[in-house]
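This report concerns only the one structure given below.
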Amino acid sequence: MSTEAVFINGTSGVGKSSTLQALSAALKRKGTPHAVVDFDYLRLAWPAPPDDPYNLQLGLANLANLADNARQAGAEKLAVAYVVTRPEDVAAFAAALGVPTMHVIRLRAEPEVVEARLRRRHEIDAPWELAGFLEGMQELQHRLDAVALDDLVIDVTDRSPAEVAQEILVAAGW
């Protein structure tokens, strides 16, 4: 059995985690064995090594173990959400997932929509992080546009996570 993978890319606050949850629900309704992973949780550790301030290597090692475990449990589809801006990171995620290639799908929304989502999320959860996210939001969006790592870009400005998940299923052939 071969496993297929989707990588959901995009800025903070664009809806990657919500879309990941909706994608899991859609796969469950179809009866498709799968695993979904919000990569942020796989890299949470302190302190980070000086040469890896975002704990990417720790996260990738954890992702490789999780992907192996998911496959052993019968997962046929894997989906991961995070933000990547370098081609070598896309390759590193595919390697950690144990797939030769993966669909890279970026979510994009109008800046005011992303800002509103970030404000809602951070007014209760980690308000000290809000300023940093808001400050870097536009720059990260421009960087993602420039590197064009994605097989598909979906504008999620006026769409629900469930609608976006359906588009991802179609795009991935799932």
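Chain labels A, B, ... are given in the sequence in which chains occur in the structure tokens; within each chain residues are numbered consecutively from 1, and ligands are likewise numbered from 1 in the order shown.
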**Request:** Determine, counting only C-alpha atoms, which protein, DNA and RNA residues have an atom within 8 Å of an atom of Ala79 (chain A); residues of the same chain fewer than 5 positions away are not included. Present the result as a VMD selection string.
**Result:** chain A and resid 5 to 8 20 34 to 37
Residue contacts of Leu149 (chain A) (12 Å, only C-alpha atoms) excluding same-chain residues fewer than 4 positions away, as a PDB file with N, CA and C atoms, in the first residue's frame:
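The resulting file, around-v1.pdb, is reproduced below:
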ATOM      1  N   PHE A   7       0.374  18.682   1.692  1.00  0.00           N
ATOM      2  CA  PHE A   7       0.973  19.664   2.587  1.00  0.00           C
ATOM      3  C   PHE A   7       0.190  20.953   2.426  1.00  0.00           C
ATOM      4  N   ILE A   8      -0.392  21.443   3.518  1.00  0.00           N
ATOM      5  CA  ILE A   8      -1.156  22.689   3.487  1.00  0.00           C
ATOM      6  C   ILE A   8      -0.248  23.806   3.975  1.00  0.00           C
ATOM      7  N   ASN A   9       0.024  24.736   3.089  1.00  0.00           N
ATOM      8  CA  ASN A   9       0.967  25.820   3.308  1.00  0.00           C
ATOM      9  C   ASN A   9       0.196  27.131   3.455  1.00  0.00           C
ATOM     10  N   GLY A  10       0.806  28.132   4.055  1.00  0.00           N
ATOM     11  CA  GLY A  10       0.193  29.458   4.146  1.00  0.00           C
ATOM     12  C   GLY A  10       0.632  30.194   5.383  1.00  0.00           C
ATOM     13  N   VAL A  83       4.036  26.180   7.491  1.00  0.00           N
ATOM     14  CA  VAL A  83       4.439  27.145   6.471  1.00  0.00           C
ATOM     15  C   VAL A  83       5.866  26.824   6.040  1.00  0.00           C
ATOM     16  N   VAL A  84       6.060  26.709   4.731  1.00  0.00           N
ATOM     17  CA  VAL A  84       7.399  26.521   4.183  1.00  0.00           C
ATOM     18  C   VAL A  84       7.648  27.561   3.103  1.00  0.00           C
ATOM     19  N   THR A  85       8.897  28.016   3.047  1.00  0.00           N
ATOM     20  CA  THR A  85       9.259  29.039   2.061  1.00  0.00           C
ATOM     21  C   THR A  85      10.482  28.647   1.235  1.00  0.00           C
ATOM     22  N   ARG A  86      10.969  27.414   1.435  1.00  0.00           N
ATOM     23  CA  ARG A  86      12.161  26.977   0.704  1.00  0.00           C
ATOM     24  C   ARG A  86      11.912  25.620   0.066  1.00  0.00           C
ATOM     25  N   PRO A  87      12.367  25.449  -1.181  1.00  0.00           N
ATOM     26  CA  PRO A  87      12.174  24.148  -1.853  1.00  0.00           C
ATOM     27  C   PRO A  87      12.779  22.985  -1.068  1.00  0.00           C
ATOM     28  N   GLU A  88      13.907  23.218  -0.418  1.00  0.00           N
ATOM     29  CA  GLU A  88      14.527  22.119   0.331  1.00  0.00           C
ATOM     30  C   GLU A  88      13.672  21.684   1.521  1.00  0.00           C
ATOM     31  N   ASP A  89      12.858  22.595   2.044  1.00  0.00           N
ATOM     32  CA  ASP A  89      11.953  22.205   3.132  1.00  0.00           C
ATOM     33  C   ASP A  89      10.818  21.325   2.612  1.00  0.00           C
ATOM     34  N   VAL A  90      10.330  21.618   1.415  1.00  0.00           N
ATOM     35  CA  VAL A  90       9.296  20.762   0.817  1.00  0.00           C
ATOM     36  C   VAL A  90       9.846  19.347   0.675  1.00  0.00           C
ATOM     37  N   ALA A  91      11.071  19.233   0.178  1.00  0.00           N
ATOM     38  CA  ALA A  91      11.700  17.913   0.026  1.00  0.00           C
ATOM     39  C   ALA A  91      11.893  17.237   1.380  1.00  0.00           C
ATOM     40  N   MET A 102       4.553  15.108  -2.809  1.00  0.00           N
ATOM     41  CA  MET A 102       3.295  15.414  -2.119  1.00  0.00           C
ATOM     42  C   MET A 102       2.676  16.629  -2.789  1.00  0.00           C
ATOM     43  N   HIS A 103       1.388  16.741  -2.650  1.00  0.00           N
ATOM     44  CA  HIS A 103       0.679  17.909  -3.158  1.00  0.00           C
ATOM     45  C   HIS A 103       0.912  19.047  -2.168  1.00  0.00           C
ATOM     46  N   VAL A 104       1.402  20.177  -2.658  1.00  0.00           N
ATOM     47  CA  VAL A 104       1.595  21.347  -1.803  1.00  0.00           C
ATOM     48  C   VAL A 104       0.516  22.352  -2.180  1.00  0.00           C
ATOM     49  N   ILE A 105      -0.350  22.620  -1.226  1.00  0.00           N
ATOM     50  CA  ILE A 105      -1.495  23.485  -1.468  1.00  0.00           C
ATOM     51  C   ILE A 105      -1.439  24.645  -0.497  1.00  0.00           C
ATOM     52  N   ARG A 106      -1.393  25.846  -1.062  1.00  0.00           N
ATOM     53  CA  ARG A 106      -1.290  27.036  -0.215  1.00  0.00           C
ATOM     54  C   ARG A 106      -2.642  27.711  -0.097  1.00  0.00           C
ATOM     55  N   ARG A 143       6.626  36.698   0.318  1.00  0.00           N
ATOM     56  CA  ARG A 143       7.670  35.674   0.162  1.00  0.00           C
ATOM     57  C   ARG A 143       7.082  34.376  -0.391  1.00  0.00           C
ATOM     58  N   LEU A 144       5.930  33.972   0.130  1.00  0.00           N
ATOM     59  CA  LEU A 144       5.265  32.769  -0.376  1.00  0.00           C
ATOM     60  C   LEU A 144       4.869  32.938  -1.841  1.00  0.00           C
ATOM     61  N   ASP A 145       4.378  34.119  -2.192  1.00  0.00           N
ATOM     62  CA  ASP A 145       4.035  34.388  -3.594  1.00  0.00           C
ATOM     63  C   ASP A 145       5.277  34.270  -4.478  1.00  0.00           C
ATOM     64  N   VAL A 153      -2.938  27.214  -5.342  1.00  0.00           N
ATOM     65  CA  VAL A 153      -3.191  28.256  -4.348  1.00  0.00           C
ATOM     66  C   VAL A 153      -4.700  28.452  -4.290  1.00  0.00           C
TER      67      VAL A 153
END
**Message:** as number ranges by chain, please: every residue in chain A that a backbone DSSP assignment puts in helix (DSSP H, G or I).
**Reply:** A: 16-30, 39-42, 56-72, 87-97, 111-124, 127-147, 161-172
**Message:** Under the rule that only C-alpha atoms are counted, which of A:Asn62, A:Lys30, A:Val113, A:Arg71 is the nearest residue to Leu44 (chain A)?
**Reply:**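 Result for the nearest residue to Leu44 (chain A): A:Asn62.
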Would you write out, as JSON lines, a table of all residues in region 14-80 of chain A that have an atom no more than 12 Å from an atom of region 115-124 of chain A, listing for each the closest atom pair and the distance in Å to one decimal, considering only C-alpha atoms and ordering rows by chain and rising residue number?
{"residue": "A:Val14", "atom": "CA", "partner": "A:Arg117", "partner_atom": "CA", "distance": 7.5}
{"residue": "A:Gly15", "atom": "CA", "partner": "A:Arg117", "partner_atom": "CA", "distance": 8.4}
{"residue": "A:Lys16", "atom": "CA", "partner": "A:Arg117", "partner_atom": "CA", "distance": 11.7}
{"residue": "A:Ser18", "atom": "CA", "partner": "A:Arg117", "partner_atom": "CA", "distance": 11.4}
Restricted to C-alpha atoms, what would the selected residues look like written as a compact mmCIF listing (two decimals), in the first residue's frame?
# COMPACT_ATOMS: atom_id res chain seq x y z
CA VAL A 14 -4.98 31.88 7.05
CA GLY A 15 -6.85 28.77 8.22
CA LYS A 16 -4.42 25.88 7.79
CA SER A 18 -9.13 24.61 10.51
**Message:** Which residues are near Gly136 (chain A)? Cut-off 12 Å, only C-alpha atoms, ignore same chain within fewer than 5 positions. Put them as a list in words.
**Reply:**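 That gives Thr11, Ser12, Gly13, Pro111, Val114, Glu115, Leu118, Glu129, Leu130, Ala131, Gln141, His142 and Arg143 of chain A.
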